[in-house]
>>> print(open('start-v2.txt').read())   # compact mmCIF, C-alpha atoms and all ligand atoms
# COMPACT_ATOMS: atom_id res chain seq x y z
CA MET G 1324 0.00 0.00 0.00
CA THR G 1325 2.66 2.46 1.08
CA ASP G 1326 5.01 1.31 -1.71
CA SER G 1327 2.53 1.97 -4.49
CA LEU G 1328 1.67 5.32 -2.93
CA VAL G 1329 5.35 6.28 -2.78
CA ASN G 1330 5.82 5.28 -6.42
CA GLY G 1331 2.73 7.20 -7.45
CA ILE G 1332 3.91 10.36 -5.67
CA LEU G 1333 7.39 10.13 -7.18
CA LYS G 1334 5.81 9.63 -10.61
CA ARG G 1335 3.84 12.82 -9.97
CA ASP G 1336 0.47 11.08 -10.02
CA LEU G 1337 -1.89 13.71 -8.58
CA ARG G 1338 -4.35 11.09 -7.30
CA ALA G 1339 -1.55 9.50 -5.27
CA VAL G 1340 -0.64 12.94 -3.90
CA ALA G 1341 -4.27 13.57 -2.91
CA ARG G 1342 -4.55 10.14 -1.25
CA ALA G 1343 -1.35 10.68 0.72
CA ILE G 1344 -2.53 14.06 2.01
CA THR G 1345 -5.82 12.51 3.08
CA ARG G 1346 -3.82 9.95 5.03
CA ILE G 1347 -1.96 12.79 6.74
CA GLU G 1348 -5.27 14.41 7.68
CA ASN G 1349 -6.59 11.13 9.04
CA GLY G 1350 -3.48 10.44 11.10
CA ASP G 1351 -2.91 7.06 9.44
CA PRO G 1352 -0.36 5.02 11.44
CA GLU G 1353 1.56 4.13 8.25
CA ASN G 1354 2.30 7.81 7.63
CA SER G 1355 5.72 7.76 9.24
CA LEU G 1356 6.76 4.95 6.88
CA LEU G 1357 5.43 6.87 3.88
CA LEU G 1358 7.15 10.10 4.90
CA THR G 1359 10.40 8.32 5.69
CA GLU G 1360 10.49 6.85 2.19
CA LEU G 1361 9.69 10.21 0.63
CA PHE G 1362 12.20 12.11 2.73
CA PRO G 1363 15.23 11.60 0.41
CA HIS G 1364 13.17 13.09 -2.43
CA THR G 1365 12.32 16.29 -0.56
CA GLY G 1366 14.09 19.54 0.24
CA LYS G 1367 13.94 21.07 -3.22
CA ALA G 1368 10.79 23.17 -3.02
CA LEU G 1369 10.52 26.77 -1.94
CA THR G 1370 7.60 27.05 0.50
CA ILE G 1371 5.86 30.36 0.89
CA GLY G 1372 3.39 31.00 3.72
CA ILE G 1373 0.68 33.59 3.20
CA THR G 1374 -1.41 34.86 6.08
CA GLY G 1375 -3.49 37.90 6.94
CA ALA G 1376 -6.93 38.98 8.04
CA PRO G 1377 -10.00 37.41 6.41
CA GLY G 1378 -11.10 39.49 3.43
CA ALA G 1379 -7.60 40.70 2.67
CA GLY G 1380 -7.70 38.94 -0.67
CA LYS G 1381 -5.16 36.23 0.08
CA SER G 1382 -6.73 33.67 -2.25
CA SER G 1383 -6.65 36.03 -5.23
CA LEU G 1384 -3.07 36.90 -4.43
CA VAL G 1385 -2.11 33.23 -4.14
CA ASP G 1386 -3.80 32.48 -7.46
CA ARG G 1387 -1.98 35.34 -9.19
CA LEU G 1388 1.34 34.28 -7.72
CA ALA G 1389 0.67 30.70 -8.82
CA LEU G 1390 -0.07 31.85 -12.38
CA HIS G 1391 3.11 33.91 -12.37
CA TYR G 1392 5.16 30.88 -11.34
CA ARG G 1393 3.45 28.73 -13.96
CA GLU G 1394 4.45 31.20 -16.64
CA LEU G 1395 8.05 30.78 -15.46
CA GLY G 1396 7.70 26.99 -15.80
CA HIS G 1397 7.45 26.11 -12.11
CA ARG G 1398 5.11 23.44 -10.78
CA VAL G 1399 2.93 24.92 -8.05
CA GLY G 1400 1.30 23.31 -5.01
CA ILE G 1401 -1.29 25.28 -3.05
CA LEU G 1402 -2.35 24.27 0.47
CA ALA G 1403 -5.19 26.29 1.95
CA ILE G 1404 -5.31 25.57 5.66
CA ASP G 1405 -8.12 26.36 8.04
CA PRO G 1406 -7.22 25.43 11.60
CA SER G 1407 -10.62 26.26 12.96
CA SER G 1408 -12.80 24.22 10.65
CA PRO G 1409 -13.79 20.67 11.56
CA PHE G 1410 -14.51 19.75 7.95
CA THR G 1411 -12.09 18.10 5.63
CA GLY G 1412 -11.60 17.19 2.01
CA GLY G 1413 -12.11 20.34 0.04
CA ALA G 1414 -14.79 21.97 2.15
CA LEU G 1415 -13.23 25.33 1.51
CA LEU G 1416 -12.76 24.91 -2.19
CA GLY G 1417 -16.47 24.68 -2.66
CA ASP G 1418 -16.90 28.12 -1.18
CA ARG G 1419 -14.30 29.68 -3.31
CA ILE G 1420 -13.91 29.63 -7.02
CA ARG G 1421 -10.32 29.16 -7.96
CA MET G 1422 -9.13 30.49 -11.24
CA GLN G 1423 -10.12 28.21 -14.05
CA ALA G 1424 -6.62 28.36 -15.49
CA LEU G 1425 -5.26 26.83 -12.30
CA ALA G 1426 -8.02 24.30 -11.74
CA THR G 1427 -7.39 22.60 -15.09
CA ASP G 1428 -3.58 22.75 -15.03
CA GLU G 1429 -1.99 19.40 -14.20
CA ASN G 1430 1.14 21.17 -12.98
CA VAL G 1431 -0.89 22.81 -10.24
CA PHE G 1432 -2.17 20.96 -7.20
CA ILE G 1433 -4.70 22.73 -4.99
CA ARG G 1434 -5.85 21.29 -1.71
CA SER G 1435 -7.74 22.58 1.30
CA MET G 1436 -6.87 21.07 4.62
CA ALA G 1437 -9.19 21.58 7.54
CA THR G 1438 -7.18 20.30 10.32
CA ARG G 1439 -8.46 20.82 13.83
CA GLY G 1440 -7.95 17.68 15.83
CA ARG G 1441 -7.36 15.48 12.84
CA MET G 1442 -3.74 15.33 11.93
CA GLY G 1443 -2.18 16.17 15.27
CA GLY G 1444 0.02 19.23 15.39
CA LEU G 1445 -0.78 21.88 12.84
CA ALA G 1446 2.80 22.71 11.99
CA ARG G 1447 3.62 19.05 11.68
CA GLY G 1448 0.62 18.22 9.52
CA THR G 1449 1.38 21.15 7.25
CA ALA G 1450 5.04 20.17 7.03
CA ASP G 1451 4.02 16.58 6.19
CA ALA G 1452 1.71 17.75 3.39
CA VAL G 1453 4.50 20.02 2.09
CA SER G 1454 6.87 17.03 2.05
CA ILE G 1455 4.44 15.09 -0.12
CA LEU G 1456 4.10 17.95 -2.62
CA ASP G 1457 7.86 18.48 -2.56
CA ALA G 1458 8.50 14.80 -3.34
CA ALA G 1459 5.95 15.00 -6.16
CA GLY G 1460 8.08 17.65 -7.84
CA PHE G 1461 6.16 20.78 -6.92
CA ASP G 1462 8.95 23.33 -6.57
CA ARG G 1463 6.81 26.29 -5.46
CA ILE G 1464 4.47 25.52 -2.58
CA LEU G 1465 2.10 28.22 -1.38
CA ILE G 1466 0.61 27.70 2.08
CA GLU G 1467 -2.38 29.93 2.59
CA THR G 1468 -4.13 30.26 5.93
CA VAL G 1469 -7.77 31.14 6.11
CA GLY G 1470 -7.81 33.24 9.24
CA VAL G 1471 -5.23 35.00 11.35
CA GLY G 1472 -4.17 33.98 14.84
CA GLN G 1473 -1.65 31.91 16.74
CA ASP G 1474 -2.48 28.71 14.82
CA GLU G 1475 -1.97 30.52 11.55
CA VAL G 1476 1.34 31.87 12.79
CA ASP G 1477 2.43 28.30 13.57
CA ILE G 1478 1.36 27.12 10.13
CA VAL G 1479 3.14 29.90 8.30
CA LYS G 1480 6.27 29.23 10.34
CA ALA G 1481 6.48 25.91 8.50
CA ALA G 1482 7.34 27.85 5.33
CA ASP G 1483 10.70 29.13 4.09
CA LEU G 1484 9.30 32.63 4.01
CA SER G 1485 6.11 34.33 5.16
CA ILE G 1486 4.00 36.98 3.53
CA VAL G 1487 1.57 38.97 5.65
CA VAL G 1488 -1.31 40.49 3.70
CA LEU G 1489 -3.00 43.68 4.90
CA VAL G 1490 -5.60 45.99 3.33
CA PRO G 1491 -6.00 49.76 3.58
CA GLY G 1492 -8.11 51.09 6.40
CA MET G 1493 -7.37 48.36 8.89
CA GLY G 1494 -5.41 50.56 11.30
CA ASP G 1495 -6.89 49.06 14.42
CA ASP G 1496 -6.49 45.58 13.03
CA ILE G 1497 -2.79 46.14 12.52
CA GLN G 1498 -2.51 46.88 16.21
CA ALA G 1499 -4.51 43.81 17.04
CA ILE G 1500 -2.58 41.37 14.91
CA LYS G 1501 0.86 42.80 15.32
CA ALA G 1502 1.79 40.68 18.33
CA GLY G 1503 2.02 37.40 16.49
CA ILE G 1504 2.08 38.37 12.88
CA MET G 1505 4.51 41.25 12.61
CA GLU G 1506 7.47 39.22 13.75
CA ILE G 1507 6.92 36.44 11.21
CA GLY G 1508 6.44 38.66 8.14
CA ASP G 1509 9.38 38.54 5.76
CA ILE G 1510 7.37 40.48 3.20
CA PHE G 1511 4.32 42.66 3.79
CA VAL G 1512 1.68 43.14 1.14
CA ILE G 1513 -0.95 45.86 1.16
CA ASN G 1514 -3.54 44.35 -1.15
CA LYS G 1515 -6.52 46.23 -2.60
CA SER G 1516 -4.12 49.15 -2.60
CA GLU G 1517 -6.36 51.15 -4.95
CA ARG G 1518 -8.51 51.80 -1.89
CA GLU G 1519 -8.50 54.94 0.18
CA GLY G 1520 -6.23 54.92 3.23
CA VAL G 1521 -3.36 53.01 1.64
CA GLU G 1522 -0.85 55.76 2.56
CA ARG G 1523 -1.89 55.69 6.18
CA THR G 1524 -1.78 51.90 6.42
CA GLU G 1525 1.69 51.92 4.92
CA ARG G 1526 2.88 54.63 7.33
CA GLU G 1527 1.58 52.65 10.31
CA LEU G 1528 3.19 49.52 9.02
CA ILE G 1529 6.54 51.25 8.57
CA ALA G 1530 6.30 52.63 12.10
CA LEU G 1531 5.66 49.15 13.49
CA LEU G 1532 8.46 47.58 11.48
CA GLU G 1533 10.91 50.21 12.66
CA MET G 1534 10.28 49.24 16.26
CA ASP G 1535 11.33 45.69 15.59
CA HIS G 1536 14.83 45.11 14.23
CA ARG G 1537 15.66 41.71 12.87
CA ASP G 1538 19.02 40.24 13.69
CA ASP G 1539 19.39 38.59 10.28
CA GLY G 1540 19.85 41.96 8.56
CA TRP G 1541 16.71 41.61 6.41
CA GLU G 1542 14.40 44.60 6.19
CA PRO G 1543 10.95 43.32 5.26
CA PRO G 1544 9.73 45.17 2.16
CA ILE G 1545 6.18 46.47 1.77
CA VAL G 1546 4.58 45.66 -1.59
CA ARG G 1547 1.35 47.23 -2.82
CA THR G 1548 -0.86 44.97 -4.91
CA VAL G 1549 -4.31 44.79 -6.47
CA ALA G 1550 -4.52 41.04 -6.90
CA THR G 1551 -7.84 41.00 -8.73
CA ARG G 1552 -6.29 43.17 -11.47
CA ASN G 1553 -2.88 41.46 -11.35
CA ILE G 1554 -1.18 44.67 -10.23
CA GLY G 1555 2.03 44.36 -8.19
CA VAL G 1556 2.28 40.58 -8.41
CA GLU G 1557 5.58 40.67 -10.29
CA ARG G 1558 6.98 43.09 -7.73
CA LEU G 1559 5.93 40.65 -5.01
CA ALA G 1560 7.64 37.78 -6.86
CA GLY G 1561 10.74 39.98 -7.10
CA SER G 1562 10.71 40.52 -3.32
CA ILE G 1563 10.36 36.76 -2.83
CA ASP G 1564 13.41 36.19 -5.04
CA ARG G 1565 15.42 38.78 -3.13
CA TYR G 1566 14.54 37.18 0.19
CA THR G 1567 15.45 33.74 -1.17
CA SER G 1568 18.86 35.13 -2.27
CA HIS G 1569 19.27 36.65 1.17
CA LEU G 1570 18.61 33.25 2.77
CA GLN G 1571 21.10 31.57 0.43
CA ALA G 1572 23.74 34.21 1.15
CA GLN G 1573 23.28 33.62 4.87
CA LEU G 1574 23.67 29.88 4.44
CA ALA G 1575 26.75 30.38 2.24
CA ALA G 1576 28.23 32.56 4.99
CA GLY G 1577 27.82 29.66 7.39
CA LEU G 1578 25.01 31.26 9.38
CA PRO G 1579 22.47 28.82 10.77
CA PRO G 1580 19.19 28.52 8.86
CA ARG G 1581 17.36 29.96 11.89
CA ARG G 1582 13.92 29.50 10.50
CA ARG G 1583 14.50 25.90 9.45
CA VAL G 1584 16.06 25.10 12.81
CA GLY G 1585 13.09 26.70 14.56
CA MET G 1586 10.54 24.85 12.51
CA SER G 1587 12.44 21.58 12.74
CA ARG G 1588 12.45 21.95 16.49
CA GLN G 1589 8.72 22.66 16.52
CA ARG G 1590 8.12 19.64 14.30
CA LEU G 1591 10.17 17.37 16.58
CA LEU G 1592 8.36 18.64 19.67
CA GLU G 1593 4.98 17.96 18.10
CA MET G 1594 6.02 14.49 16.97
CA LEU G 1595 7.46 13.76 20.40
CA GLY G 1596 4.26 14.91 22.06
CA GLU G 1597 2.14 12.70 19.84
CA ARG G 1598 4.40 9.69 20.29
CA LEU G 1599 4.59 10.00 24.07
CA LEU G 1600 0.86 10.56 24.34
CA GLN G 1601 0.16 7.46 22.27
CA GLN G 1602 2.64 5.40 24.29
CA PHE G 1603 1.05 6.59 27.47
CA LEU G 1604 -2.50 5.85 26.31
CA ASP G 1605 -1.45 2.41 24.99
CA GLY G 1606 0.19 1.68 28.34
CA LEU G 1607 -2.85 2.47 30.51
CA HIS G 1608 -3.74 -0.61 32.53
CA GLU G 1609 -7.43 0.20 32.38
CA PRO G 1610 -8.30 1.49 28.91
CA ASP G 1611 -11.41 3.32 30.18
CA ARG G 1612 -9.48 5.16 32.89
CA LEU G 1613 -9.42 8.39 30.90
CA ASP G 1614 -13.20 8.25 30.34
CA ARG G 1615 -13.92 7.52 33.99
CA LEU G 1616 -11.73 10.42 35.12
CA ALA G 1617 -13.41 12.70 32.58
CA ASP G 1618 -16.74 11.63 34.03
CA SER G 1619 -15.58 12.38 37.60
CA LEU G 1620 -14.22 15.71 36.44
CA ALA G 1621 -17.49 16.63 34.75
CA ARG G 1622 -19.34 15.83 37.98
CA ARG G 1623 -16.79 17.92 39.90
CA GLN G 1624 -15.86 14.93 42.06
CA VAL G 1625 -12.22 15.56 41.23
CA SER G 1626 -10.23 18.62 40.21
CA PRO G 1627 -8.43 18.58 36.86
CA TRP G 1628 -5.09 18.71 38.68
CA MET G 1629 -5.97 15.72 40.86
CA ALA G 1630 -7.22 13.87 37.79
CA ILE G 1631 -3.87 14.36 36.07
CA GLU G 1632 -2.06 13.16 39.20
CA GLN G 1633 -4.18 10.03 39.15
CA LEU G 1634 -3.60 9.51 35.45
CA VAL G 1635 0.15 10.05 35.42
CA PRO G 1636 1.71 7.89 38.09
CA ALA G 1637 4.30 10.08 39.74
CA ALA G 1638 5.38 7.08 41.79
CA SER G 1639 7.36 5.63 38.93
CA ILE G 1640 10.14 3.15 39.55
CA ARG G 1641 13.48 4.71 38.72
CA SER G 1642 16.10 2.02 39.13
CA ILE G 1643 17.35 -0.92 41.15
CA SER G 1644 18.86 0.86 44.13
CA HIS G 1645 20.62 -2.17 45.59
CA LEU G 1646 20.49 -5.87 46.25
CA GLY G 1647 20.68 -6.88 49.93
CA VAL G 1648 22.73 -10.00 50.69
CA ALA G 1649 22.69 -11.62 54.14
CA VAL G 1650 26.17 -12.83 55.15
CA SER G 1651 27.27 -14.79 58.23
CA GLY G 1652 30.42 -12.68 58.66
CA PHE G 1653 31.99 -9.76 56.79
CA ASP G 1654 35.50 -11.26 56.73
CA GLU G 1655 34.48 -14.28 54.72
CA ALA G 1656 32.05 -12.31 52.50
CA LEU G 1657 34.57 -9.59 51.67
CA ARG G 1658 37.14 -12.19 50.63
CA PHE G 1659 34.89 -12.91 47.65
CA TRP G 1660 33.08 -9.65 46.89
CA ARG G 1661 35.93 -7.22 47.62
CA ASP G 1662 39.12 -9.23 47.14
CA GLY G 1663 37.88 -11.67 44.49
CA LEU G 1664 35.57 -9.45 42.39
CA GLU G 1665 37.49 -6.27 43.26
CA LEU G 1666 34.39 -4.33 44.22
CA GLU G 1667 35.08 -1.36 46.44
CA VAL G 1668 33.60 -1.06 49.91
CA LYS G 1669 32.18 2.48 50.02
CA GLU G 1670 30.29 2.62 53.28
CA LEU G 1671 30.46 0.54 56.40
CA GLU G 1672 28.02 1.26 59.19
CA THR G 1673 26.29 -0.29 62.15
CA VAL G 1674 22.54 0.12 62.50
CA PRO G 1675 21.86 -0.92 66.12
CA ASP G 1676 18.05 -0.82 66.01
CA GLN G 1677 18.05 -3.21 63.04
CA GLY G 1678 20.72 -5.33 64.72
CA VAL G 1679 22.86 -5.26 61.62
CA ARG G 1680 26.16 -4.11 60.18
CA VAL G 1681 25.94 -2.87 56.61
CA ALA G 1682 28.62 -2.68 53.88
CA MET G 1683 27.79 -0.93 50.61
CA LEU G 1684 29.67 -1.94 47.45
CA PRO G 1685 28.82 0.17 44.37
CA VAL G 1686 28.25 -1.77 41.13
CA GLY G 1687 27.82 0.72 38.31
CA GLU G 1688 24.73 2.81 39.05
CA SER G 1689 23.56 0.19 41.56
CA ARG G 1690 25.00 -1.35 44.73
CA LEU G 1691 25.41 -4.52 46.72
CA GLU G 1692 24.37 -4.25 50.35
CA LEU G 1693 26.04 -6.86 52.55
CA LEU G 1694 24.16 -7.42 55.82
CA GLU G 1695 25.86 -9.00 58.82
CA PRO G 1696 23.64 -9.73 61.85
CA LEU G 1697 24.84 -8.29 65.18
CA THR G 1698 22.93 -10.96 67.10
CA PRO G 1699 21.29 -14.27 66.10
CA ASP G 1700 17.82 -12.97 67.07
CA SER G 1701 17.98 -9.86 64.82
CA PRO G 1702 15.84 -10.02 61.65
CA VAL G 1703 18.83 -10.81 59.44
CA GLY G 1704 20.10 -13.31 62.05
CA ARG G 1705 16.78 -15.15 62.00
CA PHE G 1706 16.74 -15.04 58.18
CA ILE G 1707 20.13 -16.77 58.06
CA GLU G 1708 19.03 -19.29 60.68
CA ARG G 1709 15.96 -20.19 58.59
CA ARG G 1710 17.31 -20.04 55.06
CA GLY G 1711 21.07 -19.72 55.27
CA PRO G 1712 23.08 -16.78 53.89
CA GLY G 1713 22.15 -15.43 50.47
CA ILE G 1714 20.02 -12.84 48.70
CA HIS G 1715 17.91 -11.13 51.36
CA HIS G 1716 16.02 -8.31 49.65
CA LEU G 1717 15.72 -6.26 46.48
CA CYS G 1718 15.54 -2.47 46.75
CA LEU G 1719 13.93 -0.29 44.05
CA GLU G 1720 14.33 3.46 43.95
CA VAL G 1721 11.02 5.28 43.39
CA ALA G 1722 10.16 8.91 42.72
CA ASP G 1723 7.24 9.18 45.15
CA LEU G 1724 7.29 6.65 47.95
CA PRO G 1725 4.12 7.85 49.77
CA GLY G 1726 2.29 7.77 46.45
CA ILE G 1727 3.35 4.25 45.55
CA LEU G 1728 2.60 2.96 49.07
CA GLY G 1729 -0.89 4.43 48.74
CA ARG G 1730 -1.43 2.70 45.42
CA LEU G 1731 -0.10 -0.64 46.73
CA ARG G 1732 -2.32 -0.39 49.83
CA GLY G 1733 -5.26 0.36 47.57
CA ALA G 1734 -4.46 -2.74 45.54
CA GLY G 1735 -4.47 -4.92 48.67
CA ILE G 1736 -0.71 -5.48 48.75
CA ARG G 1737 0.64 -6.49 52.18
CA LEU G 1738 3.06 -3.85 53.41
CA ILE G 1739 5.55 -4.26 56.26
CA ASP G 1740 5.80 -0.48 56.58
CA GLN G 1741 2.46 1.28 56.14
CA GLU G 1742 4.21 4.65 55.91
CA PRO G 1743 7.71 5.61 54.75
CA ARG G 1744 10.32 5.67 57.48
CA PRO G 1745 13.76 7.32 57.55
CA GLY G 1746 16.58 5.22 56.11
CA ALA G 1747 20.29 5.79 55.67
CA GLY G 1748 21.59 8.97 54.03
CA GLY G 1749 18.39 10.97 54.41
CA ALA G 1750 16.41 8.55 52.27
CA LEU G 1751 12.89 7.28 52.95
CA VAL G 1752 12.35 3.53 52.92
CA ALA G 1753 9.50 1.04 53.27
CA PHE G 1754 9.33 -2.75 52.94
CA VAL G 1755 6.74 -4.81 51.09
CA HIS G 1756 5.96 -8.27 52.49
CA PRO G 1757 7.24 -11.28 50.47
CA SER G 1758 3.80 -12.89 50.65
CA SER G 1759 2.56 -10.24 48.18
CA THR G 1760 5.57 -10.25 45.87
CA GLY G 1761 6.04 -13.92 45.10
CA GLY G 1762 8.65 -14.47 47.78
CA VAL G 1763 10.83 -11.39 47.35
CA LEU G 1764 11.36 -9.12 50.32
CA LEU G 1765 11.04 -5.77 48.55
CA GLU G 1766 12.46 -2.52 49.85
CA LEU G 1767 11.35 0.75 48.26
CA THR G 1768 13.43 3.86 48.72
CA GLN G 1769 13.13 7.50 47.83
CA LYS G 1770 16.36 9.51 47.78
CA GLY G 1771 17.10 12.43 50.08
CA SER G 1772 13.56 13.53 50.75
CA HIS G 1773 13.85 14.70 54.33
ZN ZN G 1801 18.40 -2.41 51.70
>>> encode(input="start-v2.txt", output="structure tokens", more="lines below")
Ligand code: ZN
Amino acid sequence: MTDSLVNGILKRDLRAVARAITRIENGDPENSLLLTELFPHTGKALTIGITGAPGAGKSSLVDRLALHYRELGHRVGILAIDPSSPFTGGALLGDRIRMQALATDENVFIRSMATRGRMGGLARGTADAVSILDAAGFDRILIETVGVGQDEVDIVKAADLSIVVLVPGMGDDIQAIKAGIMEIGDIFVINKSEREGVERTERELIALLEMDHRDDGWEPPIVRTVATRNIGVERLAGSIDRYTSHLQAQLAAGLPPRRRVGMSRQRLLEMLGERLLQQFLDGLHEPDRLDRLADSLARRQVSPWMAIEQLVPAASIRSISHLGVAVSGFDEALRFWRDGLELEVKELETVPDQGVRVAMLPVGESRLELLEPLTPDSPVGRFIERRGPGIHHLCLEVADLPGILGRLRGAGIRLIDQEPRPGAGGALVAFVHPSSTGGVLLELTQKGSH
């Protein structure tokens, strides 16, 4: 399935491209395989993000830009992305009549993606769709967002360069959108520039841009366009070329591709989040636990913070702290463990109320704990009398000892210590009875917690 799809995409079969993007939207588990196979065939396209307020004429501008690139012989992919819409599969296209010249051109691929909650992270889903178009030989990819907001900013960040589209007479709107949008604009377009107020909008824009100096030395140009009449589109394409040269010059000078690093990081974080979430959900012992907690939360029987604590076990096991070995006498035991195996004796102490002498021998991250009874009627003395010397107990280090004891109590596990008690070196310890563990005396410890 994936193989034929990969072949289809590489052979520039538009139906294969469309199917692959649908799989991205649906979060198909085979996607990572598909994208991995396509990866060597990507990295050639220039991706251009276009965002701006609704009604700014972005679609017309994108269409004009696409036509311009077609005239130059480029193959053009257009992704229109609406983060807020729950619909998928061309819902937007129906509302908007694309230019006939583009709709019938087999070197143009137009796709709407309505993405909320479907494909996982927005930036990731967009980047995945871009990869598919890139592998299919589309060398100019225009990513158009429908609205303007933080989601749109994230989407446009997935592009090599971003164009922010404004219209005259939106003075207040400039103020409103500047927080997120101004800093991502590599090129600013004032579309519908035949309208009144264009001078003022441009002045306000210049004032805003002057407040914010970029450390890559690029001064974002402002381009006036009237997309519906194809005015200014070539100037815009010229600005895009200049910015692309600027990026290439920076790379040639050995400067890091900041934007690509930033978006790669974002992509990795999103993928990590999705993977860890899936691992966590797969690993839940009771699959309906999430639903039951949601139910309790809805009935206000639990706070959201308590629900999370119950869902994510903080009392995770960290490592094997040590293995306790009961010995009849240190002299004989050390002849083997210290002199024979050349383990180092780090600590040697007497614990009178346990009736025991303890020697700690580090083994990598873990330790051996040799236990010598002070008297035959001490716990370790009685252990040796009953079973002879040998492995006495296993100790696991945990992150939250009170938490894990609570869970074990709740599960009916027999505990020797109901509550944590102070152990050596400021640690907390508690023992679990062998009758509940299949014969292992289990010590749990939490490091330096008091
Ligand atoms: Zn121990």
>>> closest_atom_pairs(input="start-v2.txt", of="chain G", to="ligand ZN 1801 (chain G)", cutoff="8 Å", atoms="all atoms listed in the file", output="JSON lines")
{"residue": "G:His1645", "atom": "CA", "partner": "G:ZN1801", "partner_atom": "ZN", "distance": 6.5}
{"residue": "G:Leu1646", "atom": "CA", "partner": "G:ZN1801", "partner_atom": "ZN", "distance": 6.8}
{"residue": "G:Gly1647", "atom": "CA", "partner": "G:ZN1801", "partner_atom": "ZN", "distance": 5.3}
{"residue": "G:Glu1692", "atom": "CA", "partner": "G:ZN1801", "partner_atom": "ZN", "distance": 6.4}
{"residue": "G:His1716", "atom": "CA", "partner": "G:ZN1801", "partner_atom": "ZN", "distance": 6.7}
{"residue": "G:Leu1717", "atom": "CA", "partner": "G:ZN1801", "partner_atom": "ZN", "distance": 7.0}
{"residue": "G:Cys1718", "atom": "CA", "partner": "G:ZN1801", "partner_atom": "ZN", "distance": 5.7}
{"residue": "G:Glu1766", "atom": "CA", "partner": "G:ZN1801", "partner_atom": "ZN", "distance": 6.2}
>>> atom_distance(input="start-v2.txt", atom1="atom CA of Gln1601 of chain G", atom2="atom CA of Asn1354 of chain G")
14.8 Å
>>> atom_distance(input="start-v2.txt", atom1="atom CA of Glu1360 of chain G", atom2="atom CA of Phe1461 of chain G")
17.2 Å
>>> atom_distance(input="start-v2.txt", atom1="atom CA of Leu1694 of chain G", atom2="atom CA of Gly1652 of chain G")
8.7 Å
>>> residues_around(input="start-v2.txt", residues="segment 1483-1487 of chain G", least_positions_apart="5", cutoff="7 Å", atoms="all atoms listed in the file", output="JSON, numbers by chain")
{"G": [1369, 1370, 1371, 1372, 1373, 1374, 1375, 1507, 1508, 1509, 1510, 1511, 1512]}
>>> closest_residue(input="start-v2.txt", among="G:Leu1634, G:Gly1733, G:Gln1589, G:His1715", to="Glu1609 of chain G", atoms="all atoms listed in the file")
G:Leu1634
>>> residues_around(input="start-v2.txt", residues="Asp1539 of chain G", least_positions_apart="2", cutoff="10 Å", atoms="only C-alpha atoms", output="PDB file with C-alpha atoms, in the coordinates of the input")
ATOM      1  CA  HIS G1536      14.830  45.110  14.230  1.00  0.00           C
ATOM      2  CA  ARG G1537      15.660  41.710  12.870  1.00  0.00           C
ATOM      3  CA  TRP G1541      16.710  41.610   6.410  1.00  0.00           C
ATOM      4  CA  GLU G1542      14.400  44.600   6.190  1.00  0.00           C
ATOM      5  CA  HIS G1569      19.270  36.650   1.170  1.00  0.00           C
ATOM      6  CA  LEU G1570      18.610  33.250   2.770  1.00  0.00           C
ATOM      7  CA  GLN G1573      23.280  33.620   4.870  1.00  0.00           C
ATOM      8  CA  LEU G1578      25.010  31.260   9.380  1.00  0.00           C
ATOM      9  CA  ARG G1581      17.360  29.960  11.890  1.00  0.00           C
TER      10      ARG G1581
END
>>> residues_around(input="start-v2.txt", residues="Gly1331 of chain G", least_positions_apart="6", cutoff="12 Å", atoms="all atoms listed in the file", output="ChimeraX atom specification")
/G:1324-1325,1337-1343,1357,1361,1455-1456,1458-1460
>>> closest_residue(input="start-v2.txt", among="G:Leu1731, G:Asp1451, G:Ile1554, G:Val1721", to="Ser1355 of chain G", atoms="all atoms listed in the file")
G:Asp1451
>>> residues_around(input="start-v2.txt", residues="Arg1615 of chain G", least_positions_apart="5", cutoff="12 Å", atoms="all atoms listed in the file", output="MDAnalysis selection string")
chainID G and resid 1609:1610 1620:1622 1624:1625 1630 1633:1634
>>> residues_around(input="start-v2.txt", residues="segment 1725-1729 of chain G", least_positions_apart="5", cutoff="12 Å", atoms="all atoms listed in the file", output="tab-separated table (two decimals) with C-alpha atoms, keeping the file's coordinate frame")
chain	number	residue	atom	x	y	z
G	1632	GLU	CA	-2.06	13.16	39.20
G	1633	GLN	CA	-4.18	10.03	39.15
G	1635	VAL	CA	0.15	10.05	35.42
G	1636	PRO	CA	1.71	7.89	38.09
G	1637	ALA	CA	4.30	10.08	39.74
G	1638	ALA	CA	5.38	7.08	41.79
G	1639	SER	CA	7.36	5.63	38.93
G	1640	ILE	CA	10.14	3.15	39.55
G	1719	LEU	CA	13.93	-0.29	44.05
G	1720	GLU	CA	14.33	3.46	43.95
G	1734	ALA	CA	-4.46	-2.74	45.54
G	1735	GLY	CA	-4.47	-4.92	48.67
G	1736	ILE	CA	-0.71	-5.48	48.75
G	1737	ARG	CA	0.64	-6.49	52.18
G	1738	LEU	CA	3.06	-3.85	53.41
G	1739	ILE	CA	5.55	-4.26	56.26
G	1740	ASP	CA	5.80	-0.48	56.58
G	1741	GLN	CA	2.46	1.28	56.14
G	1742	GLU	CA	4.21	4.65	55.91
G	1743	PRO	CA	7.71	5.61	54.75
G	1744	ARG	CA	10.32	5.67	57.48
G	1751	LEU	CA	12.89	7.28	52.95
G	1752	VAL	CA	12.35	3.53	52.92
G	1753	ALA	CA	9.50	1.04	53.27
G	1754	PHE	CA	9.33	-2.75	52.94
G	1755	VAL	CA	6.74	-4.81	51.09
G	1766	GLU	CA	12.46	-2.52	49.85
G	1767	LEU	CA	11.35	0.75	48.26
G	1768	THR	CA	13.43	3.86	48.72
G	1769	GLN	CA	13.13	7.50	47.83
G	1772	SER	CA	13.56	13.53	50.75
